[in-house]
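Have a look at run38.txt; it's compact mmCIF, C-alpha atoms:
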# COMPACT_ATOMS: atom_id res chain seq x y z
CA SER A 539 -138.40 9.71 157.35
CA ALA A 540 -140.20 12.36 159.37
CA ALA A 541 -141.23 9.77 161.96
CA ARG A 542 -137.71 8.41 162.19
CA GLY A 543 -136.39 11.96 162.65
CA HIS A 544 -138.79 12.66 165.53
CA ASN A 545 -137.74 9.40 167.25
CA ASP A 546 -134.07 10.30 166.80
CA ILE A 547 -134.65 13.61 168.59
CA HIS A 548 -135.60 11.66 171.71
CA ILE A 549 -132.94 8.98 171.32
CA ILE A 550 -129.92 11.19 170.65
CA SER A 551 -128.89 13.25 173.68
CA ARG A 552 -127.48 16.78 173.64
CA VAL A 553 -124.07 15.20 174.12
CA GLY A 554 -124.64 13.08 171.02
CA ILE A 555 -125.76 16.09 168.99
CA GLN A 556 -122.68 18.00 170.11
CA LYS A 557 -120.50 15.10 168.93
CA ILE A 558 -122.11 15.32 165.49
CA ARG A 559 -121.46 19.07 165.45
CA ASN A 560 -117.83 18.46 166.43
CA LEU A 561 -117.59 15.90 163.63
CA LEU A 562 -118.94 18.49 161.19
CA SER A 563 -116.50 21.14 162.42
CA ASN A 564 -113.48 18.89 161.89
CA ALA A 565 -114.62 17.01 158.77
CA LYS A 566 -112.64 17.38 155.54
CA GLU A 567 -114.33 14.86 153.24
CA TYR A 568 -117.39 15.99 151.29
CA GLU A 569 -119.43 12.85 152.10
CA THR A 570 -118.86 13.23 155.85
CA ILE A 571 -119.75 16.93 155.80
CA GLU A 572 -122.89 16.27 153.76
CA ALA A 573 -124.02 13.41 156.04
CA ALA A 574 -123.48 15.49 159.19
CA ILE A 575 -125.44 18.44 157.80
CA ILE A 576 -128.34 16.18 156.78
CA LEU A 577 -128.41 14.46 160.17
CA LEU A 578 -128.33 17.74 162.10
CA GLY A 579 -131.18 18.95 159.92
CA TRP A 580 -133.25 15.87 160.75
CA LEU A 581 -132.52 16.45 164.43
CA GLY A 582 -133.83 20.03 164.18
CA GLU A 583 -130.57 21.52 165.39
CA ALA A 584 -131.05 25.19 164.43
CA ALA A 585 -127.93 26.22 166.34
CA ALA A 586 -125.84 24.25 163.81
CA ILE A 587 -126.90 26.47 160.89
CA ASN A 588 -123.86 28.70 161.27
CA ASP A 589 -121.71 25.55 161.15
CA PHE A 590 -123.41 24.68 157.85
CA PHE A 591 -122.50 28.10 156.50
CA VAL A 592 -118.82 27.66 157.41
CA HIS A 593 -118.65 24.70 155.02
CA LEU A 594 -120.89 26.37 152.46
CA ILE A 595 -118.42 29.24 152.18
CA LYS A 596 -115.66 26.72 151.37
CA ASP A 597 -117.79 24.69 148.93
CA SER A 598 -120.85 26.29 147.30
CA SER A 599 -121.90 22.89 145.87
CA LEU A 600 -123.27 22.16 149.36
CA ALA A 601 -126.03 24.76 148.85
CA LYS A 602 -128.83 22.26 148.12
CA THR A 603 -127.82 20.07 151.06
CA VAL A 604 -127.79 23.06 153.41
CA GLU A 605 -131.18 24.26 152.14
CA SER A 606 -132.68 20.80 152.64
CA ALA A 607 -131.32 20.62 156.18
CA ILE A 608 -132.72 24.07 156.99
CA PHE A 609 -136.09 23.02 155.59
CA SER A 610 -136.03 20.00 157.93
CA ILE A 611 -135.24 22.25 160.90
CA GLY A 612 -138.23 24.47 160.15
CA VAL A 613 -139.32 27.74 161.72
CA THR A 614 -136.69 27.71 164.48
CA ALA A 615 -134.19 28.43 161.70
CA ILE A 616 -135.76 31.81 160.86
CA PRO A 617 -133.75 34.02 163.28
CA PHE A 618 -130.50 32.48 162.04
CA LEU A 619 -131.56 33.07 158.42
CA GLN A 620 -132.47 36.70 159.05
CA THR A 621 -129.04 37.21 160.58
CA ALA A 622 -127.40 35.44 157.62
CA LEU A 623 -128.82 38.08 155.26
CA SER A 624 -126.08 40.38 156.57
CA HIS A 625 -123.35 37.79 156.02
CA GLU A 626 -120.45 38.91 153.83
CA ASN A 627 -120.65 35.78 151.63
CA GLU A 628 -123.01 35.91 148.62
CA THR A 629 -123.82 32.19 148.64
CA VAL A 630 -124.86 32.34 152.29
CA LYS A 631 -127.13 35.29 151.52
CA ILE A 632 -128.76 33.44 148.60
CA VAL A 633 -129.33 30.26 150.64
CA ALA A 634 -130.87 32.34 153.43
CA LEU A 635 -133.19 34.11 150.95
CA HIS A 636 -134.21 30.79 149.35
CA SER A 637 -134.92 29.23 152.72
CA LEU A 638 -136.94 32.16 154.03
CA ARG A 639 -139.02 32.11 150.86
CA TRP A 640 -139.74 28.39 151.28
CA MET A 641 -140.98 29.12 154.79
CA GLY A 642 -143.20 31.97 153.64
CA GLU A 643 -141.11 34.52 155.54
CA SER A 644 -140.03 37.91 154.22
CA PRO A 645 -136.60 39.40 154.85
CA GLU A 646 -136.55 42.12 157.50
CA PRO A 647 -137.08 45.52 155.77
CA ASP A 648 -133.69 47.03 156.66
CA LYS A 649 -131.85 43.93 155.50
CA LEU A 650 -133.91 43.82 152.30
CA GLU A 651 -132.97 47.38 151.40
CA ALA A 652 -129.31 46.53 151.94
CA LEU A 653 -129.66 43.47 149.67
CA PHE A 654 -131.19 45.63 146.92
CA SER A 655 -128.04 47.77 147.05
CA HIS A 656 -125.73 44.75 146.96
CA ALA A 657 -123.05 44.69 144.27
CA ASP A 658 -123.71 41.06 143.34
CA ARG A 659 -126.51 40.78 140.76
CA SER A 660 -127.56 37.24 141.77
CA VAL A 661 -128.16 38.46 145.34
CA GLN A 662 -130.26 41.37 144.07
CA ILE A 663 -132.37 39.05 141.90
CA GLU A 664 -132.95 36.68 144.83
CA ALA A 665 -134.00 39.64 146.96
CA LEU A 666 -136.50 40.66 144.26
CA GLU A 667 -137.85 37.09 144.16
CA SER A 668 -138.54 37.41 147.86
CA VAL A 669 -140.86 40.41 147.44
CA ILE A 670 -142.90 39.36 144.40
CA ASP A 671 -146.03 39.04 146.55
CA GLU A 672 -145.18 41.73 149.11
CA ARG A 673 -146.73 44.96 147.65
CA SER A 674 -144.68 47.04 150.09
CA ASN A 675 -144.75 50.79 149.41
CA ARG A 676 -141.51 51.15 151.35
CA ILE A 677 -139.46 49.51 148.60
CA LEU A 678 -141.20 51.26 145.68
CA PRO A 679 -138.54 54.00 145.30
CA GLN A 680 -135.82 51.37 144.88
CA LEU A 681 -137.96 49.38 142.44
CA TYR A 682 -138.57 52.54 140.39
CA ASP A 683 -134.84 53.19 140.26
CA PHE A 684 -134.15 49.61 139.14
CA LEU A 685 -136.86 49.83 136.48
CA MET A 686 -135.37 52.95 134.96
CA HIS A 687 -131.67 52.18 135.28
CA GLY A 688 -131.20 48.40 135.56
CA ASP A 689 -130.06 46.22 132.67
CA GLU A 690 -132.64 44.31 130.60
CA GLU A 691 -132.55 41.05 132.59
CA PHE A 692 -132.89 42.87 135.89
CA CYS A 693 -135.60 45.13 134.48
CA PHE A 694 -137.76 42.10 133.62
CA LYS A 695 -137.48 40.84 137.20
CA VAL A 696 -138.45 44.28 138.54
CA VAL A 697 -141.46 44.33 136.19
CA GLU A 698 -142.50 40.94 137.59
CA VAL A 699 -142.48 42.44 141.10
CA LEU A 700 -144.24 45.70 140.13
CA ALA A 701 -146.89 43.82 138.17
CA GLY A 702 -148.48 42.75 141.45
CA TYR A 703 -149.03 46.34 142.64
CA PRO A 704 -152.36 48.12 142.07
CA PHE A 705 -152.31 50.27 138.94
CA GLU A 706 -153.15 53.34 141.06
CA SER A 707 -149.87 52.96 142.98
CA LEU A 708 -147.86 53.16 139.77
CA HIS A 709 -149.91 55.61 137.72
CA GLU A 710 -147.76 58.65 138.51
CA LEU A 711 -144.56 56.78 137.68
CA LEU A 712 -145.99 55.44 134.42
CA ASN A 713 -147.20 58.89 133.36
CA SER A 714 -143.74 60.27 133.99
CA MET A 715 -141.97 57.48 132.09
CA ALA A 716 -144.43 57.52 129.17
CA GLY A 717 -143.88 61.27 128.78
CA SER A 718 -140.10 61.10 129.06
CA GLU A 719 -137.82 62.34 126.29
CA ASP A 720 -135.79 59.16 126.81
CA ALA A 721 -137.11 56.48 124.43
CA GLU A 722 -135.79 53.67 126.63
CA ARG A 723 -137.85 54.93 129.58
CA ARG A 724 -140.94 55.07 127.37
CA ARG A 725 -140.24 51.50 126.21
CA ARG A 726 -139.95 50.30 129.81
CA ALA A 727 -143.22 52.03 130.64
CA ALA A 728 -144.85 49.99 127.86
CA LEU A 729 -143.16 46.83 129.14
CA LEU A 730 -144.61 47.37 132.63
CA LEU A 731 -148.05 48.27 131.27
CA GLY A 732 -148.19 44.94 129.47
CA HIS A 733 -147.70 43.01 132.71
CA LEU A 734 -149.86 44.98 135.14
CA GLU A 735 -153.09 43.45 136.36
CA GLY A 736 -156.26 45.42 135.68
CA CYS A 737 -154.81 47.72 133.04
CA GLY A 738 -157.11 46.78 130.15
CA ASN A 739 -158.36 50.31 129.49
CA CYS A 740 -155.08 52.11 129.99
CA SER A 741 -154.89 55.13 127.68
CA LEU A 742 -151.11 55.19 128.11
CA ILE A 743 -150.82 52.09 125.92
CA GLU A 744 -152.74 53.84 123.17
CA THR A 745 -150.39 56.82 123.45
CA LEU A 746 -147.24 54.69 123.30
CA ILE A 747 -148.45 52.71 120.26
CA ALA A 748 -148.23 55.97 118.32
CA ASP A 749 -144.64 56.63 119.48
CA GLN A 750 -142.05 57.59 116.88
CA ASP A 751 -139.50 55.11 118.22
CA ASN A 752 -139.75 51.57 116.80
CA GLN A 753 -138.74 49.85 120.04
CA VAL A 754 -141.33 51.79 122.04
CA ARG A 755 -144.03 51.00 119.46
CA LYS A 756 -143.12 47.32 119.44
CA GLU A 757 -143.35 47.06 123.25
CA ALA A 758 -146.63 49.03 123.30
CA ILE A 759 -148.17 46.81 120.62
CA ARG A 760 -147.20 43.74 122.62
CA ALA A 761 -148.67 45.34 125.78
CA ALA A 762 -151.94 46.11 123.98
CA GLY A 763 -152.27 42.47 122.97
CA MET A 764 -151.45 41.19 126.44
CA GLN A 765 -153.98 43.56 128.03
CA LYS A 766 -156.50 43.17 125.19
CA VAL A 767 -157.00 46.94 124.83
CA ALA A 768 -159.79 46.82 122.25
CA ASN A 769 -159.42 50.46 121.16
CA THR A 770 -155.96 49.69 119.80
CA VAL A 771 -156.99 46.98 117.32
CA PRO A 772 -157.31 49.36 114.32
CA THR A 773 -153.88 50.85 115.06
CA ILE A 774 -152.25 47.43 115.48
CA HIS A 775 -153.97 46.29 112.28
CA LYS A 776 -152.34 49.21 110.43
CA ALA A 777 -148.98 48.16 111.89
CA LEU A 778 -149.08 45.08 109.62
CA ALA A 779 -147.99 47.50 106.89
CA ASP A 780 -145.09 48.89 108.92
CA PRO A 781 -141.79 48.78 106.97
CA ASP A 782 -140.05 47.16 109.96
CA PRO A 783 -140.58 43.34 109.86
CA VAL A 784 -140.18 43.18 113.65
CA ILE A 785 -143.11 45.57 114.10
CA LYS A 786 -145.15 43.47 111.67
CA GLU A 787 -144.35 40.31 113.61
CA THR A 788 -145.22 41.90 116.95
CA ALA A 789 -148.50 43.19 115.51
CA ILE A 790 -149.40 39.72 114.21
CA MET A 791 -148.98 38.10 117.62
CA ALA A 792 -150.77 40.97 119.39
CA LEU A 793 -153.78 40.73 117.05
CA ALA A 794 -153.98 37.01 117.72
CA GLU A 795 -154.67 37.78 121.40
CA PHE A 796 -157.99 39.42 120.43
CA GLY A 797 -159.39 36.22 118.90
CA ARG A 798 -161.13 35.59 115.59
CA ASN A 799 -161.36 38.47 113.15
CA PRO A 800 -161.73 37.44 109.47
CA ALA A 801 -160.59 40.82 108.08
CA VAL A 802 -157.48 40.81 110.27
CA MET A 803 -156.73 37.15 109.49
CA GLU A 804 -156.88 37.80 105.76
CA ASP A 805 -154.30 40.59 106.01
CA VAL A 806 -152.10 38.47 108.27
CA LEU A 807 -152.17 35.55 105.83
CA ASN A 808 -151.22 37.90 102.98
CA LEU A 809 -147.84 38.40 104.69
CA LEU A 810 -146.94 34.72 104.45
CA GLY A 811 -143.83 34.01 102.40
CA LYS A 812 -142.83 37.66 101.93
CA TYR A 813 -140.71 38.75 104.90
CA GLY A 814 -138.69 35.79 106.09
CA GLU A 815 -139.06 32.69 108.17
CA SER A 816 -139.49 34.41 111.54
CA LEU A 817 -142.50 36.38 110.33
CA ASP A 818 -143.93 33.31 108.58
CA TYR A 819 -143.75 31.46 111.88
CA ALA A 820 -145.71 34.27 113.57
CA VAL A 821 -148.38 34.12 110.86
CA ILE A 822 -148.75 30.36 111.30
CA LYS A 823 -148.89 30.52 115.11
CA SER A 824 -151.41 33.37 115.06
CA ALA A 825 -153.75 31.30 112.88
CA GLY A 826 -153.69 28.56 115.51
CA ILE A 827 -154.27 31.02 118.37
CA MET A 828 -157.19 32.68 116.58
CA GLY A 829 -158.57 29.23 115.80
CA THR A 830 -159.87 30.20 112.38
CA GLU A 831 -160.43 27.61 109.66
CA GLN A 832 -160.04 30.49 107.21
CA ALA A 833 -156.27 29.87 107.29
CA GLY A 834 -156.56 26.18 106.41
CA ALA A 835 -156.43 26.39 102.60
CA VAL A 836 -153.52 28.86 102.67
CA LEU A 837 -151.47 26.73 105.07
CA MET A 838 -152.25 23.57 103.13
CA GLU A 839 -150.94 25.25 99.99
CA GLU A 840 -147.74 26.21 101.84
CA LEU A 841 -147.34 22.64 103.03
CA GLN A 842 -147.30 21.44 99.42
CA LYS A 843 -144.41 23.70 98.40
CA LYS A 844 -141.17 21.81 97.81
CA GLN A 845 -139.05 24.77 98.92
CA LEU A 846 -140.86 25.10 102.28
CA SER A 847 -138.40 25.44 105.15
CA SER A 848 -138.24 22.35 107.33
CA ASN A 849 -138.56 24.68 110.33
CA LEU A 850 -142.10 25.59 109.25
CA VAL A 851 -143.45 22.10 108.56
CA TYR A 852 -144.07 21.32 112.23
CA PRO A 853 -145.91 24.55 113.14
CA ILE A 854 -148.06 24.33 109.98
CA LEU A 855 -149.09 20.75 110.79
CA GLU A 856 -149.72 21.72 114.41
CA THR A 857 -151.89 24.69 113.40
CA LEU A 858 -153.88 22.67 110.86
CA GLY A 859 -154.63 20.26 113.68
CA LYS A 860 -155.67 23.07 116.03
CA ILE A 861 -158.12 24.53 113.51
CA SER A 862 -159.28 21.00 112.55
CA TYR A 863 -158.79 21.53 108.82
CA LYS A 864 -159.75 18.05 107.60
CA PRO A 865 -159.19 18.62 103.84
CA VAL A 866 -155.44 18.31 104.54
CA SER A 867 -155.87 14.72 105.76
CA GLU A 868 -154.86 13.05 102.48
CA LEU A 869 -151.75 15.23 102.14
CA ILE A 870 -150.66 14.37 105.68
CA ILE A 871 -151.16 10.65 105.05
CA SER A 872 -149.20 10.67 101.79
CA HIS A 873 -146.33 12.99 102.78
CA PHE A 874 -145.89 13.08 106.55
CA LEU A 875 -146.92 9.76 108.11
CA HIS A 876 -143.68 8.28 106.76
CA HIS A 877 -141.53 11.39 107.19
CA GLN A 878 -137.87 10.85 108.09
CA ASP A 879 -138.27 13.12 111.14
CA LEU A 880 -139.75 11.12 114.02
CA ASP A 881 -141.33 14.21 115.58
CA ILE A 882 -143.11 15.02 112.31
CA ARG A 883 -144.42 11.44 112.10
CA ARG A 884 -145.73 11.60 115.66
CA LEU A 885 -147.39 14.97 115.05
CA ALA A 886 -148.97 13.67 111.84
CA VAL A 887 -150.56 10.81 113.81
CA GLU A 888 -151.76 13.23 116.49
CA VAL A 889 -153.32 15.61 113.94
CA LEU A 890 -155.06 12.79 112.08
CA GLY A 891 -156.32 11.43 115.38
CA ASN A 892 -157.83 14.82 116.20
CA PHE A 893 -159.62 14.86 112.83
CA CYS A 894 -161.15 11.49 113.76
CA ASP A 895 -162.72 10.91 110.31
CA GLN A 896 -162.63 7.54 108.55
CA ASN A 897 -159.87 8.45 106.10
CA SER A 898 -157.61 9.82 108.86
CA LEU A 899 -158.12 6.81 111.10
CA GLU A 900 -157.29 4.44 108.23
CA GLY A 901 -154.11 6.43 107.66
CA ILE A 902 -153.11 5.99 111.29
CA GLN A 903 -153.81 2.28 111.07
CA SER A 904 -151.43 2.03 108.10
CA VAL A 905 -148.46 3.04 110.31
CA ALA A 906 -149.35 0.86 113.28
CA HIS A 907 -146.20 -1.15 112.53
CA ASP A 908 -143.97 1.91 113.13
CA PRO A 909 -141.94 0.96 116.26
CA HIS A 910 -142.04 4.59 117.44
Once you've parsed the file, please lay out its structure as structure tokens.
Amino acid sequence: SAARGHNDIHIISRVGIQKIRNLLSNAKEYETIEAAIILLGWLGEAAAINDFFVHLIKDSSLAKTVESAIFSIGVTAIPFLQTALSHENETVKIVALHSLRWMGESPEPDKLEALFSHADRSVQIEALESVIDERSNRILPQLYDFLMHGDEEFCFKVVEVLAGYPFESLHELLNSMAGSEDAERRRRAALLLGHLEGCGNCSLIETLIADQDNQVRKEAIRAAGMQKVANTVPTIHKALADPDPVIKETAIMALAEFGRNPAVMEDVLNLLGKYGESLDYAVIKSAGIMGTEQAGAVLMEELQKKQLSSNLVYPILETLGKISYKPVSELIISHFLHHQDLDIRRLAVEVLGNFCDQNSLEGIQSVAHDPH
């Protein structure tokens, strides 16, 4: 296609290109408009980009076609895209941001700041996407403001951007937020700490784990697990006894990030079946992440219970396979190779295959006739 496009550039004269642009300007049918945009893209006609936008404003479903055409045009489109960032139409702004990002170009600083202040949330999010790898100190004040005052969805996107900055650039902000009287600011400090690179020894996480607010503690526990802050393991371990099941669940998954620990695993397994399905799921998944065979007998016993929730059968089987607990082989063959749920049957075969012992392989052979 690329070769054909290059040949067309030589074959079609400026007069011919202008005829295609005139066709695009006067076209009413979607197929004609789409074809003209694609062709002008192949021909590298950057001057037609504003014509593309005229139709895009009328029909936003043309966005992908316009982006593809701009991509075909290449770097000569960049000045037109930078100008389009000031366009009054939100869809045009978003297409321009997408296209610049594809080309590895950043929005001009003044235009970027204006986009951050835009009323339309989708435009703001696209602008944030454009600076994920920028590390520009110029936009830090706006990012700080978004982090503290934006809604939850927007806050997560801001955290994704800030996570790429050196910890030293954010230390003052984090100290301020962690010491705030506002619990939500302290929670967001913990959220950011969990995503920062090179924050494994951050004392702020240890401070926030001891916070009086449940939501702050939960976020700090998660951050400690993500950053593997070893000093926090005893505190997270104690959180297994927290009266709030959500804190327990968060602590379970955080402890799993630190790897095998028999004492921790024993206390985690003791929570199974006592605080609801969501927490049981966390216990099961943590056993697989820690990779400890210690959980095998307990999970096998759960698998034999008639009242076991169907939602837990799959993760238990999956975890038993991960920890290679071969004593469960016979139970899987007798109860799950012929299960009514196709996904369970497939997983049973996969787990037995991972065991790779004689009994398991014979079990697999017995269902070779299964059409699935």
Legend entry - Distance query segment 729-735 of chain A at most 7 Å, all atoms listed in the file, self and fewer than 5 positions along chain excluded, as number ranges by chain: A: 697, 701-702, 705, 757, 761-762, 764-765
Inset, instruction - Go through A:Arg559, A:Arg798, A:His687, A:Lys864 one by one, measure the shortest atom-to-atom distance of each to Ser898 of chain A using only C-alpha atoms, and give the residue with the smallest value. - result: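 For Ser898 of chain A, the nearest of the given residues is A:Lys864.
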Inset, instruction - Kindly provide, as a list in words, the polymer residues lying within 9 Å of (-120.8, 33.7, 149.3), counting only C-alpha atoms and using the coordinates exactly as they appear in the file. - result: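 Checked against the point, the hits come out as Leu594, Ile595, Lys596, Ser598, His625, Glu626, Asn627, Glu628, Thr629, Val630, Lys631 and Ile632 of chain A.
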Inset, instruction - Enter the distance from atom CA of Leu562 of chain A to atom CA of Phe590 of chain A, in Å, rounded to one decimal. - result: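 Value for the atom CA of Leu562 of chain A-atom CA of Phe590 of chain A distance: 8.3 Å.
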Inset, instruction - Give me the residues within 8 Å of Glu868 of chain A as a ChimeraX atom specification, counting all atoms listed in the file and dropping any in the same chain fewer than 3 places off. - result: /A:865,871-872,897-898
Inset, instruction - Go through A:Leu638, A:Asp881, A:Ser624, A:Val604 one by one, measure the shortest atom-to-atom distance of each to His656 of chain A using all atoms listed in the file, and give the residue with the smallest value. - result: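 The closest residue to His656 of chain A is A:Ser624.
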Inset, instruction - Name the residues in contact with Arg639 of chain A at a cut-off of 12 Å, using all atoms listed in the file, excluding same-chain residues fewer than 2 positions from it; report them as a list of chain:residue names. - result: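 My reading of the contact set: A:Glu605, A:Ile608, A:Phe609, A:Val613, A:Ile616, A:Leu619, A:Gln620, A:Ile632, A:Val633, A:Ala634, A:Leu635, A:His636, A:Ser637, A:Met641, A:Gly642, A:Glu643, A:Ser644, A:Pro645, A:Glu664, A:Ala665, A:Leu666, A:Glu667, A:Ser668, A:Val669, A:Ile670, A:Asp671, A:Glu672.
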Inset, instruction - Please indicate the distance in Å from atom CA of Ala835 of chain A to atom CA of Leu858 of chain A, rounded to one decimal place. - result: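 A separation of 9.4 Å between them.
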Legend entry - Who sits within 10 Å of Ile785 of chain A, all atoms listed in the file, same chain under 2 positions skipped, as a PyMOL selection string: chain A and resi 752-753+755-757+759-760+774+777-783+787-790+817
Inset, instruction - Could you tell me which of A:Gly717, A:Val784, A:Glu710, A:Ser867 comes closest to Met838 of chain A if we count only C-alpha atoms? - result: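 Residue with the minimum atom-to-atom distance to Met838 of chain A: A:Ser867.
All protein and nucleic acid residues in the vicinity of (-156.2, 9.4, 107.2), that is within 9 Å when counting only C-alpha atoms, are A:Ser867, A:Glu868, A:Leu869, A:Ile870, A:Ile871, A:Ser872, A:Val887, A:Leu890, A:Gly891, A:Phe893, A:Cys894, A:Asp895, A:Gln896, A:Asn897, A:Ser898, A:Leu899, A:Glu900, A:Gly901, A:Ile902, A:Gln903, A:Ser904.
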